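The next block is start32.pdb, given as PDB, C-alpha atoms, pLDDT in the B column.
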ATOM      1  CA  MET A   1      -6.334  21.033  16.735  1.00 53.00           C
ATOM      2  CA  SER A   2      -4.502  18.849  14.223  1.00 79.00           C
ATOM      3  CA  ARG A   3      -5.401  19.037  10.559  1.00 82.00           C
ATOM      4  CA  PHE A   4      -5.241  15.217  10.602  1.00 86.00           C
ATOM      5  CA  LYS A   5      -7.942  14.843  13.257  1.00 87.00           C
ATOM      6  CA  GLY A   6     -10.279  13.232  10.716  1.00 89.00           C
ATOM      7  CA  PHE A   7      -7.779  10.503   9.784  1.00 91.00           C
ATOM      8  CA  PRO A   8      -9.132   7.724  12.081  1.00 92.00           C
ATOM      9  CA  ALA A   9     -12.744   8.330  11.037  1.00 92.00           C
ATOM     10  CA  HIS A  10     -11.718   8.524   7.372  1.00 93.00           C
ATOM     11  CA  VAL A  11      -9.963   5.159   7.620  1.00 93.00           C
ATOM     12  CA  GLU A  12     -12.861   3.472   9.406  1.00 93.00           C
ATOM     13  CA  THR A  13     -15.400   4.902   6.948  1.00 93.00           C
ATOM     14  CA  HIS A  14     -13.562   3.613   3.880  1.00 93.00           C
ATOM     15  CA  VAL A  15     -11.501   0.639   5.024  1.00 94.00           C
ATOM     16  CA  GLY A  16     -13.157  -0.760   8.120  1.00 93.00           C
ATOM     17  CA  ARG A  17     -12.865  -1.034  11.868  1.00 94.00           C
ATOM     18  CA  VAL A  18      -9.458  -0.333  13.387  1.00 94.00           C
ATOM     19  CA  ARG A  19      -8.593  -3.501  15.299  1.00 94.00           C
ATOM     20  CA  GLY A  20      -5.316  -2.347  16.800  1.00 91.00           C
ATOM     21  CA  ALA A  21      -1.831  -1.064  16.145  1.00 90.00           C
ATOM     22  CA  ASP A  22       1.791  -1.966  16.729  1.00 87.00           C
ATOM     23  CA  SER A  23       3.661   0.588  18.765  1.00 77.00           C
ATOM     24  CA  ARG A  24       6.550   2.500  17.299  1.00 76.00           C
ATOM     25  CA  SER A  25       8.923   0.346  19.323  1.00 73.00           C
ATOM     26  CA  ALA A  26       7.516  -3.039  18.262  1.00 63.00           C
ATOM     27  CA  GLY A  27      10.128  -5.682  17.582  1.00 64.00           C
ATOM     28  CA  GLY A  28      12.724  -3.988  19.782  1.00 67.00           C
ATOM     29  CA  ARG A  29      13.422  -1.244  17.279  1.00 72.00           C
ATOM     30  CA  GLU A  30      12.081   2.307  17.320  1.00 80.00           C
ATOM     31  CA  ARG A  31      10.112   3.198  14.160  1.00 84.00           C
ATOM     32  CA  ALA A  32       8.956   6.589  12.940  1.00 84.00           C
ATOM     33  CA  TYR A  33       5.360   5.360  12.598  1.00 90.00           C
ATOM     34  CA  ASN A  34       2.799   2.902  13.950  1.00 91.00           C
ATOM     35  CA  LEU A  35       1.345   0.046  11.932  1.00 94.00           C
ATOM     36  CA  VAL A  36      -2.447   0.041  12.162  1.00 95.00           C
ATOM     37  CA  TYR A  37      -4.655  -2.984  11.409  1.00 97.00           C
ATOM     38  CA  CYS A  38      -8.139  -2.577   9.943  1.00 96.00           C
ATOM     39  CA  ASP A  39     -10.759  -5.258   9.354  1.00 96.00           C
ATOM     40  CA  HIS A  40     -12.980  -4.676   6.335  1.00 93.00           C
ATOM     41  CA  ALA A  41     -16.725  -4.973   6.790  1.00 91.00           C
ATOM     42  CA  ASP A  42     -16.778  -7.918   4.354  1.00 92.00           C
ATOM     43  CA  GLY A  43     -14.767  -9.965   6.874  1.00 91.00           C
ATOM     44  CA  THR A  44     -12.449 -11.301   4.175  1.00 94.00           C
ATOM     45  CA  HIS A  45      -9.930  -8.458   3.795  1.00 96.00           C
ATOM     46  CA  VAL A  46      -7.550  -6.514   6.013  1.00 97.00           C
ATOM     47  CA  THR A  47      -5.643  -3.306   5.527  1.00 97.00           C
ATOM     48  CA  VAL A  48      -2.360  -2.509   7.225  1.00 97.00           C
ATOM     49  CA  LEU A  49      -1.423   1.154   7.186  1.00 96.00           C
ATOM     50  CA  THR A  50       1.112   3.503   8.657  1.00 95.00           C
ATOM     51  CA  SER A  51       0.240   6.270  11.059  1.00 92.00           C
ATOM     52  CA  GLY A  52       2.975   8.807  11.666  1.00 90.00           C
ATOM     53  CA  LEU A  53       4.872   8.389   8.389  1.00 90.00           C
ATOM     54  CA  ARG A  54       3.333  11.733   7.361  1.00 89.00           C
ATOM     55  CA  GLU A  55       5.850  13.417   9.660  1.00 85.00           C
ATOM     56  CA  HIS A  56       8.730  12.016   7.579  1.00 77.00           C
ATOM     57  CA  THR A  57       7.737  12.244   3.891  1.00 65.00           C
ATOM     58  CA  ALA A  58       9.931  15.170   2.908  1.00 62.00           C
ATOM     59  CA  GLY A  59       9.334  16.746  -0.471  1.00 68.00           C
ATOM     60  CA  ALA A  60       5.843  15.359  -0.974  1.00 71.00           C
ATOM     61  CA  PRO A  61       3.152  17.791  -2.129  1.00 83.00           C
ATOM     62  CA  LEU A  62       1.048  16.331   0.695  1.00 89.00           C
ATOM     63  CA  PRO A  63       2.161  14.352   3.736  1.00 91.00           C
ATOM     64  CA  GLN A  64       1.751  10.626   3.072  1.00 93.00           C
ATOM     65  CA  GLU A  65       0.733   7.400   4.773  1.00 95.00           C
ATOM     66  CA  LEU A  66       1.164   3.956   3.192  1.00 97.00           C
ATOM     67  CA  LEU A  67      -1.213   1.011   3.178  1.00 97.00           C
ATOM     68  CA  CYS A  68      -1.740  -2.419   1.711  1.00 98.00           C
ATOM     69  CA  THR A  69      -5.017  -4.317   1.480  1.00 97.00           C
ATOM     70  CA  LEU A  70      -4.908  -8.098   1.181  1.00 97.00           C
ATOM     71  CA  ARG A  71      -7.026 -11.103   2.002  1.00 97.00           C
ATOM     72  CA  ARG A  72      -7.489 -11.692   5.705  1.00 96.00           C
ATOM     73  CA  ASP A  73      -5.201 -14.728   5.809  1.00 96.00           C
ATOM     74  CA  GLN A  74      -2.428 -12.697   4.145  1.00 96.00           C
ATOM     75  CA  GLU A  75      -2.196 -10.000   6.829  1.00 96.00           C
ATOM     76  CA  VAL A  76       1.412 -10.873   7.701  1.00 95.00           C
ATOM     77  CA  TYR A  77       2.391 -10.144   4.094  1.00 95.00           C
ATOM     78  CA  ALA A  78       0.605  -6.772   4.103  1.00 96.00           C
ATOM     79  CA  LYS A  79       2.418  -5.901   7.340  1.00 95.00           C
ATOM     80  CA  HIS A  80       5.773  -6.908   5.866  1.00 93.00           C
ATOM     81  CA  LEU A  81       5.277  -4.968   2.628  1.00 95.00           C
ATOM     82  CA  VAL A  82       4.118  -1.772   4.353  1.00 95.00           C
ATOM     83  CA  GLY A  83       6.870  -2.031   6.965  1.00 92.00           C
ATOM     84  CA  VAL A  84       9.660  -2.577   4.429  1.00 92.00           C
ATOM     85  CA  VAL A  85       8.604   0.334   2.229  1.00 93.00           C
ATOM     86  CA  ALA A  86       7.967   2.645   5.197  1.00 93.00           C
ATOM     87  CA  GLU A  87      11.444   1.877   6.564  1.00 90.00           C
ATOM     88  CA  LEU A  88      12.983   2.548   3.156  1.00 89.00           C
ATOM     89  CA  LEU A  89      11.231   5.924   2.967  1.00 88.00           C
ATOM     90  CA  THR A  90      12.101   7.006   6.507  1.00 88.00           C
ATOM     91  CA  GLU A  91      15.742   5.946   6.198  1.00 87.00           C
ATOM     92  CA  SER A  92      16.160   7.753   2.873  1.00 84.00           C
ATOM     93  CA  GLN A  93      13.906  10.675   3.892  1.00 82.00           C
ATOM     94  CA  ALA A  94      12.037  10.157   0.625  1.00 83.00           C
ATOM     95  CA  ARG A  95       8.458   9.893  -0.561  1.00 87.00           C
ATOM     96  CA  VAL A  96       6.644   8.012  -3.309  1.00 90.00           C
ATOM     97  CA  GLY A  97       4.176   9.078  -5.945  1.00 90.00           C
ATOM     98  CA  TYR A  98       1.586   7.140  -7.888  1.00 91.00           C
ATOM     99  CA  GLY A  99       3.228   4.825 -10.375  1.00 91.00           C
ATOM    100  CA  ALA A 100       6.485   4.490  -8.416  1.00 93.00           C
ATOM    101  CA  LEU A 101       7.916   0.988  -8.345  1.00 94.00           C
ATOM    102  CA  ILE A 102       9.553  -0.168  -5.134  1.00 93.00           C
ATOM    103  CA  MET A 103      11.313  -3.383  -6.081  1.00 92.00           C
ATOM    104  CA  ASN A 104      13.551  -5.857  -4.314  1.00 87.00           C
ATOM    105  CA  ASP A 105      16.322  -7.727  -6.117  1.00 86.00           C
ATOM    106  CA  ARG A 106      14.672 -11.025  -5.121  1.00 87.00           C
ATOM    107  CA  ILE A 107      11.272 -12.261  -3.942  1.00 87.00           C
ATOM    108  CA  LEU A 108      10.052  -9.958  -1.183  1.00 85.00           C
ATOM    109  CA  LEU A 109       7.155 -12.046   0.122  1.00 84.00           C
ATOM    110  CA  PRO A 110       8.157 -15.682   0.763  1.00 83.00           C
ATOM    111  CA  ASP A 111       6.270 -18.423  -1.087  1.00 87.00           C
ATOM    112  CA  THR A 112       4.949 -15.912  -3.641  1.00 90.00           C
ATOM    113  CA  ALA A 113       6.128 -14.302  -6.880  1.00 91.00           C
ATOM    114  CA  ILE A 114       5.847 -10.824  -5.303  1.00 94.00           C
ATOM    115  CA  ALA A 115       9.125  -8.884  -5.559  1.00 93.00           C
ATOM    116  CA  GLY A 116       7.890  -5.398  -4.711  1.00 94.00           C
ATOM    117  CA  ALA A 117       5.046  -2.942  -4.953  1.00 96.00           C
ATOM    118  CA  MET A 118       3.640  -0.198  -7.099  1.00 96.00           C
ATOM    119  CA  ALA A 119       2.452   2.970  -5.378  1.00 96.00           C
ATOM    120  CA  ALA A 120      -1.092   3.664  -6.541  1.00 95.00           C
ATOM    121  CA  PRO A 121      -4.542   4.889  -5.626  1.00 95.00           C
ATOM    122  CA  HIS A 122      -6.470   2.109  -3.905  1.00 95.00           C
ATOM    123  CA  PRO A 123      -7.650  -0.223  -6.687  1.00 92.00           C
ATOM    124  CA  TYR A 124     -11.036  -1.008  -5.116  1.00 91.00           C
ATOM    125  CA  LEU A 125     -11.997   2.084  -3.122  1.00 90.00           C
ATOM    126  CA  GLY A 126     -13.306   5.308  -4.646  1.00 86.00           C
ATOM    127  CA  ASP A 127     -11.199   8.397  -5.267  1.00 87.00           C
ATOM    128  CA  GLU A 128     -12.538   9.980  -2.085  1.00 92.00           C
ATOM    129  CA  PHE A 129     -10.448   7.506  -0.069  1.00 95.00           C
ATOM    130  CA  ASP A 130      -7.014   8.459  -1.415  1.00 96.00           C
ATOM    131  CA  VAL A 131      -6.902  12.013  -0.015  1.00 95.00           C
ATOM    132  CA  LEU A 132      -7.928  13.137   3.456  1.00 93.00           C
ATOM    133  CA  LEU A 133      -9.630  16.520   3.484  1.00 93.00           C
ATOM    134  CA  ASP A 134      -9.804  18.983   6.360  1.00 92.00           C
ATOM    135  CA  GLU A 135     -12.589  21.498   5.803  1.00 90.00           C
ATOM    136  CA  GLY A 136     -12.429  20.742   2.076  1.00 91.00           C
ATOM    137  CA  VAL A 137      -8.656  21.191   1.817  1.00 91.00           C
ATOM    138  CA  PRO A 138      -6.416  18.183   0.992  1.00 93.00           C
ATOM    139  CA  VAL A 139      -4.084  17.493   3.941  1.00 92.00           C
ATOM    140  CA  LEU A 140      -2.941  13.861   3.573  1.00 93.00           C
ATOM    141  CA  GLN A 141      -2.381  11.450   0.697  1.00 94.00           C
ATOM    142  CA  LEU A 142      -2.935   7.734   1.207  1.00 96.00           C
ATOM    143  CA  ILE A 143      -0.638   5.676  -0.997  1.00 96.00           C
ATOM    144  CA  THR A 144      -1.688   2.084  -1.618  1.00 97.00           C
ATOM    145  CA  LEU A 145       1.088  -0.437  -2.137  1.00 97.00           C
ATOM    146  CA  VAL A 146      -0.112  -2.922  -4.746  1.00 97.00           C
ATOM    147  CA  PRO A 147       2.084  -6.042  -4.620  1.00 97.00           C
ATOM    148  CA  ILE A 148       3.703  -6.787  -7.991  1.00 96.00           C
ATOM    149  CA  THR A 149       5.972  -9.388  -9.518  1.00 95.00           C
ATOM    150  CA  ARG A 150       9.318  -8.832 -11.221  1.00 94.00           C
ATOM    151  CA  ALA A 151       7.730  -9.486 -14.648  1.00 94.00           C
ATOM    152  CA  GLU A 152       4.980  -6.943 -13.917  1.00 95.00           C
ATOM    153  CA  SER A 153       7.594  -4.338 -12.967  1.00 94.00           C
ATOM    154  CA  GLN A 154       9.414  -5.038 -16.239  1.00 94.00           C
ATOM    155  CA  LEU A 155       6.160  -4.532 -18.126  1.00 94.00           C
ATOM    156  CA  VAL A 156       5.756  -1.128 -16.429  1.00 93.00           C
ATOM    157  CA  ALA A 157       9.383  -0.183 -17.158  1.00 91.00           C
ATOM    158  CA  ARG A 158       8.990  -1.087 -20.805  1.00 93.00           C
ATOM    159  CA  PHE A 159       5.450   0.081 -21.622  1.00 93.00           C
ATOM    160  CA  GLY A 160       4.254   2.195 -18.684  1.00 92.00           C
ATOM    161  CA  ARG A 161       1.861   1.537 -15.848  1.00 92.00           C
ATOM    162  CA  ASP A 162      -1.241   1.762 -18.066  1.00 94.00           C
ATOM    163  CA  ALA A 163      -0.055  -1.396 -19.858  1.00 94.00           C
ATOM    164  CA  LEU A 164      -0.001  -3.222 -16.524  1.00 94.00           C
ATOM    165  CA  TYR A 165      -3.422  -1.883 -15.510  1.00 94.00           C
ATOM    166  CA  ASP A 166      -4.798  -2.994 -18.895  1.00 95.00           C
ATOM    167  CA  ARG A 167      -3.354  -6.472 -18.420  1.00 94.00           C
ATOM    168  CA  TRP A 168      -4.712  -6.725 -14.858  1.00 95.00           C
ATOM    169  CA  GLU A 169      -8.149  -5.754 -16.122  1.00 94.00           C
ATOM    170  CA  ALA A 170      -8.071  -8.092 -19.135  1.00 94.00           C
ATOM    171  CA  GLN A 171      -6.995 -11.024 -16.953  1.00 94.00           C
ATOM    172  CA  GLU A 172      -9.365 -10.059 -14.115  1.00 95.00           C
ATOM    173  CA  ILE A 173      -6.486 -10.147 -11.624  1.00 94.00           C
ATOM    174  CA  ASP A 174      -7.440  -9.998  -7.945  1.00 95.00           C
ATOM    175  CA  LEU A 175      -4.969  -7.396  -6.640  1.00 95.00           C
ATOM    176  CA  VAL A 176      -5.639  -8.224  -2.985  1.00 95.00           C
ATOM    177  CA  ASP A 177      -4.382 -11.794  -3.361  1.00 96.00           C
ATOM    178  CA  ILE A 178      -0.617 -12.259  -3.274  1.00 95.00           C
ATOM    179  CA  TYR A 179      -0.974 -15.760  -4.714  1.00 94.00           C
ATOM    180  CA  ARG A 180      -2.625 -14.399  -7.863  1.00 93.00           C
ATOM    181  CA  ASP A 181      -1.439 -15.053 -11.395  1.00 90.00           C
ATOM    182  CA  ASP A 182       1.528 -13.058 -12.670  1.00 92.00           C
ATOM    183  CA  ALA A 183       0.072 -10.670 -15.253  1.00 92.00           C
ATOM    184  CA  GLY A 184       3.564  -9.766 -16.488  1.00 86.00           C
ATOM    185  CA  SER A 185       4.498 -13.251 -17.589  1.00 80.00           C
ATOM    186  CA  GLY A 186       4.168 -14.242 -21.197  1.00 68.00           C
ATOM    187  CA  GLN A 187       4.547 -12.167 -24.328  1.00 52.00           C
ATOM    188  CA  PHE A 188       4.995  -8.404 -24.200  1.00 50.00           C
TER     189      PHE A 188
END

This structure in structure tokens:
Amino acid sequence: MSRFKGFPAHVETHVGRVRGADSRSAGGRERAYNLVYCDHADGTHVTVLTSGLREHTAGAPLPQELLCTLRRDQEVYAKHLVGVVAELLTESQARVGYGALIMNDRILLPDTAIAGAMAAPHPYLGDEFDVLLDEGVPVLQLITLVPITRAESQLVARFGRDALYDRWEAQEIDLVDIYRDDAGSGQF
């Protein structure tokens, strides 16, 4: 039996009901993973996550899956962000670690200031969500993609990710809203 057998139950316990998934051949192109859609119990948030990326994250201490949680009406943006980063990782046969910045040279999500993402533990779920255990042994790491702006990425590059976390906290930034204020703008 697979060491990942607890993955679906883990996701539903922490994120919410699995509503469905795109097949690996969605959009006329074969992908190395499925995109799975989860509805949070609060009814106002969704999470889009990969399933199958774990087979392609070479060099990672643990196999990885990616996810993004946003407001319900922003699901298309979560899908786009997860899909873009997952494609980048599968094409380059790479992996990401917490604190990694995955940036685009221009706005990544139309009609927003979001130009990329920071790989992180989930900002609103407990630590027990970020690693799937099988009989007490870590077997899978869940990497949350937190959408960030170009200015926020520059803040991280200059002062480190703790400076960005401090600014998010001080400004009470809602990290599951892509239309949120840009915490990187203004004085460094």

For this session: Find the distance between atom CA of Val146 of chain A and atom CA of Leu101 of chain A and write it in Å to one decimal.
Result: 9.6 Å

Once the PyMOL selection byres ((chain A and resi 129) around 10) has been evaluated on this model, what residues remain selected, and can you format them as a compact mmCIF listing (two decimals) with C-alpha atoms, in the frame of the given file?
# COMPACT_ATOMS: atom_id res chain seq x y z
CA HIS A 10 -11.72 8.52 7.37
CA VAL A 11 -9.96 5.16 7.62
CA THR A 13 -15.40 4.90 6.95
CA HIS A 14 -13.56 3.61 3.88
CA VAL A 15 -11.50 0.64 5.02
CA PRO A 121 -4.54 4.89 -5.63
CA HIS A 122 -6.47 2.11 -3.90
CA TYR A 124 -11.04 -1.01 -5.12
CA LEU A 125 -12.00 2.08 -3.12
CA GLY A 126 -13.31 5.31 -4.65
CA ASP A 127 -11.20 8.40 -5.27
CA GLU A 128 -12.54 9.98 -2.08
CA ASP A 130 -7.01 8.46 -1.42
CA VAL A 131 -6.90 12.01 -0.02
CA LEU A 132 -7.93 13.14 3.46
CA LEU A 133 -9.63 16.52 3.48
CA GLN A 141 -2.38 11.45 0.70
CA LEU A 142 -2.94 7.73 1.21

For this session: With all atoms listed in the file counted, which protein, DNA or RNA residues have an atom no more than 12 Å from (3.2, -16.2, -12.1) in the file frame? Please answer as a PyMOL selection string.
Result: chain A and resi 111-115+148-152+173+178-186

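Between Asp162 of chain A and the candidates A:Ala21, A:Pro138, A:Val76, A:Tyr98, the tightest atom-to-atom separation, counting all atoms listed in the file, involves A:Tyr98.
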
Once 8 Å is added on each side, what are the centre and the three edge lengths, in Å to one decimal, of the axis-aligned box enclosing the listed atoms of segment 153-156 of chain A? Present them as AutoDock Vina command-line options.
--center_x 7.6 --center_y -3.1 --center_z -15.5 --size_x 19.7 --size_y 19.9 --size_z 21.2

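Shortest atom-to-atom contact with Gly16 of chain A among A:Leu35, A:His45, A:Ser2, A:Gly136: A:His45, counting all atoms listed in the file.
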
Exercise. Using only C-alpha atoms, which residues sit within 12 Å of Gly99 of chain A once same-chain residues fewer than 4 positions away are excluded, as a count of residues only?
Worked result: 20

For this session: Would you mind reading off the distance between atom CA of Arg31 of chain A and atom CA of Asp177 of chain A, one decimal, in Å?
Result: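 Distance reported for this atom pair: 27.2 Å.
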
Quick one: apply the PyMOL selection byres ((chain A and resi 93) around 12) to the file and drop the selected residues here as an mmCIF file with C-alpha atoms, keeping the file's coordinate frame.
data_model
loop_
_atom_site.group_PDB
_atom_site.id
_atom_site.type_symbol
_atom_site.label_atom_id
_atom_site.label_comp_id
_atom_site.auth_asym_id
_atom_site.auth_seq_id
_atom_site.Cartn_x
_atom_site.Cartn_y
_atom_site.Cartn_z
ATOM 1 C CA ALA A 32 8.956 6.589 12.940
ATOM 2 C CA LEU A 53 4.872 8.389 8.389
ATOM 3 C CA ARG A 54 3.333 11.733 7.361
ATOM 4 C CA GLU A 55 5.850 13.417 9.660
ATOM 5 C CA HIS A 56 8.730 12.016 7.579
ATOM 6 C CA THR A 57 7.737 12.244 3.891
ATOM 7 C CA ALA A 58 9.931 15.170 2.908
ATOM 8 C CA GLY A 59 9.334 16.746 -0.471
ATOM 9 C CA ALA A 60 5.843 15.359 -0.974
ATOM 10 C CA VAL A 85 8.604 0.334 2.229
ATOM 11 C CA ALA A 86 7.967 2.645 5.197
ATOM 12 C CA GLU A 87 11.444 1.877 6.564
ATOM 13 C CA LEU A 88 12.983 2.548 3.156
ATOM 14 C CA LEU A 89 11.231 5.924 2.967
ATOM 15 C CA THR A 90 12.101 7.006 6.507
ATOM 16 C CA GLU A 91 15.742 5.946 6.198
ATOM 17 C CA SER A 92 16.160 7.753 2.873
ATOM 18 C CA ALA A 94 12.037 10.157 0.625
ATOM 19 C CA ARG A 95 8.458 9.893 -0.561
ATOM 20 C CA VAL A 96 6.644 8.012 -3.309
#

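Here atom CA of Glu75 of chain A stands at a distance of 6.4 Å from atom CA of Val46 of chain A.
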
For this session: Identify which of the residues A:Val18, A:Pro147, A:Arg158, A:Val48 lies closest to Glu65 of chain A, counting all atoms listed in the file when measuring atom-to-atom distances.
Result: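 Ranking A:Val18, A:Pro147, A:Arg158, A:Val48 by distance to Glu65 of chain A, first place goes to A:Val48.
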
Problem set entry | Spatial neighbours of Val137 of chain A, 12 Å, only C-alpha atoms, chain gap at least 6 places, as JSON, numbers by chain | {"A": [3, 4, 62, 131]}

Exercise. When distances are computed from all atoms listed in the file, which of A:Asn34, A:Leu70, A:Asp174, A:Arg17 shows the smallest separation from Thr47 of chain A?
Worked result: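 Answer, going by the shortest atom-to-atom distance: A:Leu70.
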
For this session: Have a look at A:Ser23, A:Asp42, A:Pro123, A:Arg167 and name the one nearest to Thr69 of chain A; count all atoms listed in the file.
Result: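 Checking each of A:Ser23, A:Asp42, A:Pro123, A:Arg167 against Thr69 of chain A, counting all atoms listed in the file, the winner is A:Pro123.
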